[in-house]
file my_file-v6.txt (compact mmCIF, C-alpha atoms and all ligand atoms)
# COMPACT_ATOMS: atom_id res chain seq x y z
CA MET A 3 -17.34 28.31 -20.43
CA ARG A 4 -14.94 29.73 -23.00
CA ILE A 5 -11.24 29.74 -22.20
CA ASP A 6 -11.03 33.54 -22.02
CA THR A 7 -14.02 33.55 -19.62
CA MET A 8 -12.31 30.93 -17.45
CA LEU A 9 -9.14 33.01 -17.44
CA ALA A 10 -11.05 36.12 -16.37
CA VAL A 11 -12.69 34.21 -13.49
CA VAL A 12 -9.33 32.84 -12.32
CA LYS A 13 -7.75 36.30 -12.49
CA ASP A 14 -10.64 37.87 -10.60
CA THR A 15 -11.20 35.32 -7.86
CA ALA A 16 -8.41 32.75 -7.39
CA ARG A 17 -5.95 33.35 -4.54
CA ASP A 18 -2.54 31.86 -3.90
CA VAL A 19 -3.69 29.44 -1.22
CA PRO A 20 -3.68 25.61 -1.06
CA GLY A 21 -6.52 23.82 -2.76
CA VAL A 22 -7.71 21.39 -5.39
CA TYR A 23 -9.19 22.10 -8.80
CA ARG A 24 -11.10 20.06 -11.29
CA MET A 25 -11.80 20.41 -14.98
CA THR A 26 -15.02 19.05 -16.41
CA SER A 27 -15.89 18.42 -20.05
CA ALA A 28 -19.01 19.74 -21.79
CA ASP A 29 -20.82 16.45 -21.16
CA GLY A 30 -20.16 16.61 -17.40
CA GLU A 31 -17.22 14.20 -17.16
CA VAL A 32 -14.54 15.26 -14.69
CA ILE A 33 -11.44 14.90 -16.86
CA TYR A 34 -8.76 16.13 -14.49
CA VAL A 35 -8.24 16.80 -10.80
CA GLY A 36 -5.16 18.60 -9.54
CA LYS A 37 -3.86 20.24 -6.38
CA SER A 38 -1.59 23.12 -5.58
CA LYS A 39 -0.31 24.99 -2.56
CA ALA A 40 -0.67 28.19 -4.63
CA LEU A 41 -3.90 27.80 -6.59
CA ARG A 42 -3.88 31.06 -8.53
CA THR A 43 -0.33 30.57 -9.84
CA ARG A 44 -1.06 26.97 -10.74
CA LEU A 45 -4.31 27.75 -12.56
CA LEU A 46 -2.78 30.64 -14.50
CA SER A 47 -0.01 28.33 -15.70
CA TYR A 48 -2.61 26.32 -17.68
CA PHE A 49 -3.48 29.42 -19.70
CA ARG A 50 0.17 30.10 -20.49
CA ALA A 51 0.81 26.52 -21.65
CA SER A 52 1.27 25.99 -25.35
CA TYR A 53 -1.54 24.20 -27.18
CA PRO A 54 -1.42 21.40 -28.39
CA ARG A 55 2.15 20.65 -27.26
CA ASP A 56 1.55 20.81 -23.49
CA LYS A 57 -0.67 18.36 -21.75
CA GLY A 58 -2.05 21.05 -19.44
CA ALA A 59 -3.19 23.12 -22.42
CA ARG A 60 -4.84 20.09 -24.04
CA ILE A 61 -6.78 19.36 -20.84
CA LEU A 62 -7.84 23.01 -20.62
CA HIS A 63 -9.06 23.01 -24.23
CA GLU A 64 -11.21 19.97 -23.53
CA ALA A 65 -12.64 21.46 -20.35
CA ALA A 66 -15.93 23.31 -20.30
CA THR A 67 -15.68 24.28 -16.64
CA LEU A 68 -12.89 24.87 -14.20
CA GLU A 69 -13.68 24.85 -10.49
CA TRP A 70 -11.56 24.94 -7.39
CA GLU A 71 -11.86 24.42 -3.70
CA VAL A 72 -9.72 26.21 -1.13
CA LEU A 73 -8.25 24.00 1.59
CA PRO A 74 -6.49 24.90 4.83
CA SER A 75 -3.10 23.37 3.98
CA GLU A 76 -1.04 21.64 1.33
CA PHE A 77 -1.53 18.34 3.20
CA ALA A 78 -5.30 18.80 3.10
CA ALA A 79 -5.07 19.53 -0.63
CA LEU A 80 -2.98 16.39 -1.30
CA LEU A 81 -5.43 14.24 0.59
CA ARG A 82 -8.47 15.75 -1.10
CA GLU A 83 -6.89 15.35 -4.53
CA LEU A 84 -6.15 11.67 -3.86
CA ARG A 85 -9.66 10.98 -2.65
CA LEU A 86 -11.27 12.82 -5.58
CA ILE A 87 -9.13 10.89 -8.05
CA LYS A 88 -10.12 7.60 -6.44
CA LEU A 89 -13.77 8.60 -6.49
CA LEU A 90 -14.01 10.18 -9.94
CA ARG A 91 -11.16 8.40 -11.79
CA PRO A 92 -10.54 11.31 -14.20
CA ARG A 93 -8.93 10.02 -17.35
CA TYR A 94 -6.02 12.47 -17.37
CA ASN A 95 -4.96 11.55 -13.86
CA VAL A 96 -2.26 8.97 -14.19
CA MET A 97 0.00 10.51 -11.57
CA MET A 98 -1.17 8.59 -8.53
CA LYS A 99 -0.79 5.27 -10.26
CA ARG A 100 2.69 6.29 -11.29
CA ASP A 101 3.58 6.91 -7.64
CA ALA A 102 2.32 3.51 -6.61
CA ARG A 103 4.17 1.76 -9.45
CA TYR A 104 7.51 2.82 -7.98
CA HIS A 105 6.88 0.58 -4.99
CA ALA A 106 6.81 -3.16 -4.77
CA PHE A 107 4.29 -4.99 -2.64
CA VAL A 108 3.92 -8.61 -1.65
CA ARG A 109 0.41 -9.73 -2.38
CA VAL A 110 -1.35 -12.79 -1.08
CA SER A 111 -3.05 -14.60 -3.96
CA ARG A 112 -6.57 -15.93 -3.66
CA GLY A 113 -7.73 -19.43 -4.48
CA PRO A 114 -7.28 -22.89 -3.02
CA ALA A 115 -3.46 -22.88 -2.89
CA PRO A 116 -2.51 -19.32 -1.94
CA ARG A 117 0.94 -17.97 -2.55
CA PHE A 118 2.87 -14.76 -2.10
CA HIS A 119 3.84 -12.83 -5.17
CA VAL A 120 5.52 -9.51 -5.82
CA VAL A 121 3.55 -6.78 -7.57
CA ARG A 122 4.34 -3.20 -8.48
CA GLY A 123 1.82 -0.88 -6.92
CA ALA A 124 -1.53 -2.09 -5.74
CA GLY A 125 -2.86 -2.51 -9.30
CA THR A 126 -6.58 -2.40 -9.66
CA ASP A 127 -7.27 -4.93 -6.92
CA GLU A 128 -8.54 -2.64 -4.21
CA THR A 129 -9.79 -5.54 -2.12
CA GLY A 130 -6.52 -7.49 -1.86
CA THR A 131 -4.11 -7.53 1.05
CA TYR A 132 -0.65 -6.15 0.47
CA TYR A 133 2.54 -6.26 2.50
CA GLY A 134 4.69 -3.23 1.89
CA PRO A 135 5.56 -0.86 0.36
CA PHE A 136 9.09 -2.10 -0.39
CA ARG A 137 11.86 -0.90 -2.63
CA GLY A 138 13.72 -3.39 -4.82
CA ALA A 139 11.26 -5.82 -6.38
CA LEU A 140 13.99 -8.13 -7.69
CA GLN A 141 15.60 -8.72 -4.31
CA LEU A 142 12.19 -9.25 -2.82
CA GLU A 143 11.33 -11.83 -5.48
CA GLU A 144 14.57 -13.69 -4.88
CA ALA A 145 14.03 -13.88 -1.13
CA LEU A 146 10.41 -14.97 -1.53
CA ARG A 147 11.55 -17.72 -3.91
CA GLU A 148 13.85 -18.94 -1.14
CA LEU A 149 10.96 -18.99 1.30
CA ASN A 150 8.74 -20.85 -1.18
CA ASP A 151 11.48 -23.41 -1.77
CA VAL A 152 12.14 -24.11 1.86
CA LEU A 153 8.43 -24.49 2.67
CA GLY A 154 7.44 -26.23 -0.58
CA LEU A 155 5.01 -23.52 -1.65
CA ARG A 156 4.02 -23.06 -5.24
CA ASP A 157 5.27 -20.14 -7.31
CA CYS A 158 3.55 -20.86 -10.61
CA ARG A 159 0.93 -18.90 -12.54
CA LEU A 160 -1.98 -17.68 -10.45
CA ASP A 161 -4.46 -19.44 -12.73
CA GLN A 162 -2.66 -22.82 -12.57
CA PRO A 163 -5.33 -25.42 -11.69
CA MET A 164 -4.76 -27.04 -8.31
CA HIS A 165 -5.59 -30.57 -7.31
CA PHE A 166 -5.05 -31.69 -3.74
CA ALA A 167 -4.54 -35.31 -2.64
CA ASP A 168 -7.81 -35.23 -0.67
CA GLN A 169 -9.86 -34.26 -3.73
CA PRO A 170 -11.85 -37.25 -5.03
CA ASP A 171 -11.22 -37.27 -8.81
CA LEU A 172 -7.49 -37.96 -8.73
CA LEU A 173 -7.56 -39.66 -12.11
CA ASP A 174 -8.36 -36.36 -13.72
CA LEU A 175 -5.17 -34.57 -12.71
CA PRO A 176 -4.28 -31.36 -14.47
CA THR A 177 -0.80 -30.98 -15.89
CA ARG A 178 1.79 -28.74 -14.28
CA THR A 179 2.92 -25.44 -15.71
CA PRO A 180 5.12 -26.39 -18.67
CA GLY A 181 8.73 -26.67 -17.57
CA CYS A 182 7.95 -26.78 -13.85
CA ILE A 183 9.88 -29.51 -12.08
CA ARG A 184 9.75 -28.02 -8.62
CA HIS A 185 7.76 -30.97 -7.25
CA GLU A 186 10.26 -33.55 -8.60
CA ILE A 187 13.22 -31.73 -7.09
CA GLY A 188 11.47 -31.36 -3.74
CA LYS A 189 10.89 -27.59 -3.86
CA CYS A 190 7.11 -27.67 -4.15
CA LEU A 191 4.66 -29.89 -2.31
CA GLY A 192 2.86 -30.39 -5.64
CA PRO A 193 -0.66 -29.10 -4.95
CA CYS A 194 -1.23 -29.25 -8.72
CA VAL A 195 -0.68 -33.00 -9.00
CA GLY A 196 -2.46 -34.36 -5.94
CA ALA A 197 0.79 -34.80 -4.02
CA VAL A 198 -0.29 -32.98 -0.88
CA ARG A 199 -3.47 -32.59 1.14
CA GLU A 200 -5.01 -29.13 1.20
CA GLU A 201 -4.67 -28.87 4.97
CA GLU A 202 -0.95 -29.61 4.83
CA TYR A 203 -0.35 -27.05 2.08
CA LEU A 204 -2.28 -24.41 4.02
CA ALA A 205 -0.27 -25.17 7.17
CA ARG A 206 2.95 -24.48 5.22
CA PHE A 207 1.44 -21.29 3.84
CA ARG A 208 0.55 -20.17 7.36
CA ALA A 209 4.13 -20.90 8.46
CA ALA A 210 5.37 -18.60 5.67
CA LYS A 211 2.94 -15.90 6.73
CA GLU A 212 3.93 -16.15 10.38
CA PHE A 213 7.58 -15.99 9.37
CA LEU A 214 7.01 -12.82 7.35
CA GLU A 215 5.04 -11.31 10.20
CA GLY A 216 7.92 -12.03 12.57
CA ARG A 217 5.95 -14.47 14.71
CA HIS A 218 8.42 -17.36 14.36
CA ASP A 219 11.36 -18.43 12.26
CA ALA A 220 10.60 -22.11 11.63
CA PRO A 221 11.60 -21.91 7.92
CA LEU A 222 15.17 -21.17 9.02
CA ALA A 223 15.51 -24.39 11.07
CA PRO A 224 16.06 -26.84 8.15
CA LEU A 225 18.52 -24.44 6.53
CA ARG A 226 20.48 -24.05 9.76
CA ALA A 227 20.53 -27.85 10.21
CA ALA A 228 21.71 -28.31 6.61
CA MET A 229 24.41 -25.68 7.10
CA GLU A 230 25.73 -27.38 10.24
CA ALA A 231 25.61 -30.84 8.63
CA SER A 232 27.50 -29.57 5.58
CA SER A 233 30.05 -27.89 7.77
CA ASP A 234 30.53 -31.09 9.83
CA ALA A 235 31.00 -33.00 6.57
CA LEU A 236 33.59 -30.40 5.49
CA ASP A 237 31.39 -29.49 2.52
CA PHE A 238 32.10 -25.79 2.93
CA GLU A 239 30.70 -24.86 -0.46
CA ARG A 240 27.27 -26.21 0.47
CA ALA A 241 27.53 -24.72 3.95
CA ALA A 242 28.18 -21.30 2.37
CA LEU A 243 25.20 -21.79 0.07
CA MET A 244 22.97 -22.53 3.08
CA ARG A 245 24.41 -19.51 4.94
CA ASP A 246 23.47 -17.24 2.00
CA LYS A 247 19.95 -18.63 1.91
CA ILE A 248 19.59 -18.03 5.65
CA ARG A 249 20.83 -14.46 5.23
CA ARG A 250 18.37 -13.77 2.42
CA LEU A 251 15.49 -15.04 4.55
CA GLU A 252 16.64 -13.16 7.63
CA SER A 253 16.90 -10.00 5.57
CA LEU A 254 13.41 -10.60 4.18
CA GLN A 255 12.05 -10.97 7.72
CA GLU A 256 13.88 -7.79 8.73
CA GLN A 257 12.38 -5.87 5.81
CA PHE A 258 8.91 -6.94 6.89
CA GLY A 259 9.78 -5.88 10.44
CA ARG A 260 10.84 -2.45 9.17
CA ILE A 261 7.56 -2.05 7.29
CA ARG A 262 5.64 -3.01 10.43
CA PHE A 263 7.59 -0.45 12.40
CA ALA A 264 7.14 2.24 9.72
CA LEU A 265 3.39 1.67 9.59
CA GLU A 266 3.10 1.72 13.37
CA SER A 267 5.22 4.89 13.46
CA LEU A 268 2.67 6.58 11.21
CA SER A 269 0.08 6.52 13.99
CA PHE A 270 -0.60 9.81 15.75
CA THR A 271 -2.69 12.95 15.70
CA TYR A 272 -1.47 15.68 13.39
CA THR A 273 -2.63 19.26 13.74
CA ILE A 274 -1.99 21.90 11.08
CA PRO A 275 -2.61 25.53 12.01
CA GLY A 276 -4.62 27.59 9.53
CA GLU A 277 -4.52 31.26 8.56
CA ARG A 278 -7.09 31.89 11.32
CA PRO A 279 -7.39 29.84 14.57
CA GLU A 280 -10.69 28.35 13.33
CA ASP A 281 -8.97 27.03 10.17
CA ALA A 282 -6.68 24.68 12.12
CA ARG A 283 -7.38 21.01 11.35
CA SER A 284 -6.56 17.86 13.24
CA TYR A 285 -6.06 14.49 11.63
CA VAL A 286 -6.12 11.12 13.32
CA ILE A 287 -3.68 8.94 11.44
CA ARG A 288 -3.45 5.25 12.16
CA ARG A 289 -0.99 3.04 10.31
CA GLY A 290 -0.43 5.65 7.63
CA ARG A 291 -4.06 6.32 6.86
CA VAL A 292 -6.15 9.33 7.85
CA ARG A 293 -9.04 7.83 9.79
CA HIS A 294 -10.61 11.05 11.02
CA GLU A 295 -10.21 14.73 10.27
CA GLY A 296 -11.93 17.80 11.57
CA PRO A 297 -11.44 21.25 13.08
CA ALA A 298 -8.71 21.22 15.72
CA PRO A 299 -10.26 21.22 19.21
CA ARG A 300 -10.09 24.64 20.85
CA ASP A 301 -11.57 24.06 24.28
CA ALA A 302 -11.96 21.26 26.81
CA ALA A 303 -15.34 20.09 25.46
CA GLU A 304 -14.04 19.89 21.87
CA ARG A 305 -10.95 18.12 23.15
CA ARG A 306 -13.11 15.47 24.83
CA THR A 307 -15.10 14.92 21.62
CA PHE A 308 -11.88 14.64 19.65
CA GLU A 309 -10.47 12.10 22.11
CA GLN A 310 -13.64 10.09 21.70
CA ARG A 311 -13.01 10.03 17.92
CA ILE A 312 -9.46 8.83 18.57
CA ALA A 313 -10.75 6.04 20.80
CA GLU A 314 -13.16 4.97 18.04
CA VAL A 315 -10.37 4.94 15.49
CA LEU A 316 -8.20 2.81 17.77
CA ALA A 317 -10.95 0.43 18.83
CA PRO A 318 -10.90 -2.10 15.97
CA ALA A 319 -8.02 -4.53 16.43
CA GLU A 320 -5.73 -4.59 13.41
CA ARG A 321 -3.83 -7.82 12.94
CA ALA A 322 -0.99 -8.62 10.55
CA PRO A 323 0.62 -5.24 11.03
CA ALA A 324 2.87 -5.31 7.93
CA THR A 325 -0.15 -5.42 5.64
CA VAL A 326 -2.05 -2.66 3.94
CA PRO A 327 -5.47 -3.28 2.38
CA GLY A 328 -5.43 -2.57 -1.36
CA HIS A 329 -7.75 0.42 -1.15
CA GLU A 330 -5.45 2.10 1.41
CA VAL A 331 -2.14 1.76 -0.43
CA ASP A 332 -2.18 5.14 -2.20
CA GLU A 333 -3.05 6.97 0.99
CA VAL A 334 -0.36 5.23 3.01
CA LEU A 335 2.18 6.19 0.32
CA LEU A 336 0.94 9.78 0.38
CA VAL A 337 1.17 10.10 4.17
CA ALA A 338 4.59 8.40 4.31
CA ALA A 339 5.93 10.64 1.50
CA TRP A 340 4.55 13.77 3.19
CA PHE A 341 6.39 13.18 6.46
CA ARG A 342 9.52 12.02 4.63
CA LYS A 343 9.64 15.23 2.56
CA HIS A 344 8.59 17.46 5.46
CA PRO A 345 10.22 15.96 8.59
CA LYS A 346 9.60 19.21 10.51
CA GLU A 347 5.89 18.45 10.32
CA LEU A 348 6.47 15.58 12.76
CA LYS A 349 6.75 18.27 15.45
CA ARG A 350 3.03 18.88 14.94
CA THR A 351 2.16 15.27 15.66
CA GLU A 352 1.20 13.89 19.02
CA ALA A 353 1.22 10.29 20.20
CA PHE A 354 -2.20 8.93 21.07
CA ALA A 355 -3.12 9.38 24.71
CA VAL A 356 -5.23 6.18 24.45
CA THR A 357 -3.92 3.00 22.85
CA ALA A 358 -5.61 0.30 20.77
CA GLN A 359 -5.57 -1.89 23.88
CA THR A 360 -7.25 0.66 26.14
CA ALA A 361 -9.71 2.03 23.62
CA PRO A 362 -13.28 0.81 24.08
CA ALA A 363 -14.53 -1.81 21.59
CA ARG A 364 -16.67 -0.32 18.84
CA SER A 365 -20.19 -1.67 18.67
CA ALA A 366 -21.19 -3.36 15.41
S1 LIG B 1 4.81 -28.25 -8.98
FE1 LIG B 1 2.77 -27.55 -9.64
S2 LIG B 1 2.02 -26.26 -7.97
FE2 LIG B 1 4.23 -26.51 -7.71
S3 LIG B 1 5.08 -24.74 -8.70
FE3 LIG B 1 5.09 -26.41 -10.20
S4 LIG B 1 3.15 -26.17 -11.32
FE4 LIG B 1 2.99 -24.95 -9.46
call {"tool": "encode", "arguments": {"input": "my_file-v6.txt", "output": "structure tokens", "more": "lines below"}}
Ligand code: SF4
result
Amino acid sequence: MRIDTMLAVVKDTARDVPGVYRMTSADGEVIYVGKSKALRTRLLSYFRASYPRDKGARILHEAATLEWEVLPSEFAALLRELRLIKLLRPRYNVMMKRDARYHAFVRVSRGPAPRFHVVRGAGTDETGTYYGPFRGALQLEEALRELNDVLGLRDCRLDQPMHFADQPDLLDLPTRTPGCIRHEIGKCLGPCVGAVREEEYLARFRAAKEFLEGRHDAPLAPLRAAMEASSDALDFERAALMRDKIRRLESLQEQFGRIRFALESLSFTYTIPGERPEDARSYVIRRGRVRHEGPAPRDAAERRTFEQRIAEVLAPAERAPATVPGHEVDEVLLVAAWFRKHPKELKRTEAFAVTAQTAPARSA
């Protein structure tokens, strides 16, 4: 389609309503997906953009077709845009990744000696488990280092070879990361040099995880004991050092608690009225992710069906409540940002009438 033909179609048919649009190249590749709460205005702006200076004009010049889809609300358009970008991965869409990069997450590494590490955004690992989102990656890193030190967990490169004490070929020990003396100074159990059994390392890792999830505060006990001992010995400098470490860890645990609370707070039904009563849509949001969406129920029978959907959404138990699976991170950020920018929308939400505990178990 020539640009002037596309312009004529937009002028003739596009309305200023929420929706998503996509531009596709001559060989059928979707090169860009966008959203707007006023489609016509947004689409016309591409034709006014200056070529080749403006990115919008460059995308338009590469496009052979321009299509759009009308949606009942801006929220629906945002959600649809996100899902289309995830599905089609258009090469001009870098925006969503940029959003995610502003946030720090704590990721659990894979492999025989797991560790926690701070990442920006969820990266390309859609299958990982992430705690977050947090602000302030540096502070987070510092507090995690404290936790690693107190529990003897490793903090070296992810690809560092590990060798546990209960592995048979102890003569063939790999070398540590150059410059790492954490084992010698008692800050790492030394899973790389056969100094600890796998089971013991994993027990320490679990203790760290339970601490972050607010299930106990065992890592604080040795620091508290060291602080008291230093204070009794009138070594106030060391006592102050221990106090600061305790504070950093307590603040880390609090941050994880806040994330848990924020994720749990983003659990409700959300109904957005449409232009006509039949356009109203209801969303079932659990832990920041839209798990079900459909026309808002208008009578008792539809209400019952909708409540059944809610029960299904709530049925699977979800453990480790400060975590977000990698593939859900962008959506959780979108939902959180939506209600942060539009707090009045919270008036359209409703707490679940059924809870995860009372919902029937979903059959496999
Ligand atoms: S002692 Fe080994 S396992 Fe521990 S941090 Fe250093 S290199 Fe990693």
call {"tool": "residues_near_ligand", "arguments": {"input": "my_file-v6.txt", "ligand": "ligand LIG 1 (chain B)", "cutoff": "9 Å", "atoms": "all atoms listed in the file", "output": "PyMOL selection string"}}
result
chain A and resi 115+154-160+162-165+177-186+189-195
call {"tool": "atom_distance", "arguments": {"input": "my_file-v6.txt", "atom1": "atom CA of A:Tyr285", "atom2": "atom CA of A:Val108"}}
result
28.5 Å
call {"tool": "closest_residue", "arguments": {"input": "my_file-v6.txt", "among": "A:Leu81, A:Val120, A:Leu222, A:Leu68", "to": "A:Asp332", "atoms": "only C-alpha atoms"}}
result
A:Leu81
call {"tool": "closest_residue", "arguments": {"input": "my_file-v6.txt", "among": "A:Ile274, A:Ile87, A:Met25, A:Ala40", "to": "A:Gly58", "atoms": "all atoms listed in the file"}}
result
A:Met25
call {"tool": "residues_around", "arguments": {"input": "my_file-v6.txt", "residues": "stretch 296-303 of chain A", "least_positions_apart": "3", "cutoff": "10 Å", "atoms": "only C-alpha atoms", "output": "VMD selection string"}}
result
chain A and resid 272 to 276 279 to 286 306 to 309
call {"tool": "write_last_selection", "arguments": {"input": "my_file-v6.txt", "atoms": "C-alpha atoms", "output": "CSV table (one decimal), in the coordinates of the input"}}
result
chain,number,residue,atom,x,y,z
A,272,TYR,CA,-1.5,15.7,13.4
A,273,THR,CA,-2.6,19.3,13.7
A,274,ILE,CA,-2.0,21.9,11.1
A,275,PRO,CA,-2.6,25.5,12.0
A,276,GLY,CA,-4.6,27.6,9.5
A,279,PRO,CA,-7.4,29.8,14.6
A,280,GLU,CA,-10.7,28.4,13.3
A,281,ASP,CA,-9.0,27.0,10.2
A,282,ALA,CA,-6.7,24.7,12.1
A,283,ARG,CA,-7.4,21.0,11.4
A,284,SER,CA,-6.6,17.9,13.2
A,285,TYR,CA,-6.1,14.5,11.6
A,286,VAL,CA,-6.1,11.1,13.3
A,306,ARG,CA,-13.1,15.5,24.8
A,307,THR,CA,-15.1,14.9,21.6
A,308,PHE,CA,-11.9,14.6,19.6
A,309,GLU,CA,-10.5,12.1,22.1
call {"tool": "closest_residue", "arguments": {"input": "my_file-v6.txt", "among": "A:Gly216, A:Phe258, A:Lys13, A:Val331", "to": "A:His105", "atoms": "all atoms listed in the file"}}
result
A:Val331
call {"tool": "atom_distance", "arguments": {"input": "my_file-v6.txt", "atom1": "atom CA of A:Leu73", "atom2": "atom CA of A:Val19"}}
result
7.6 Å
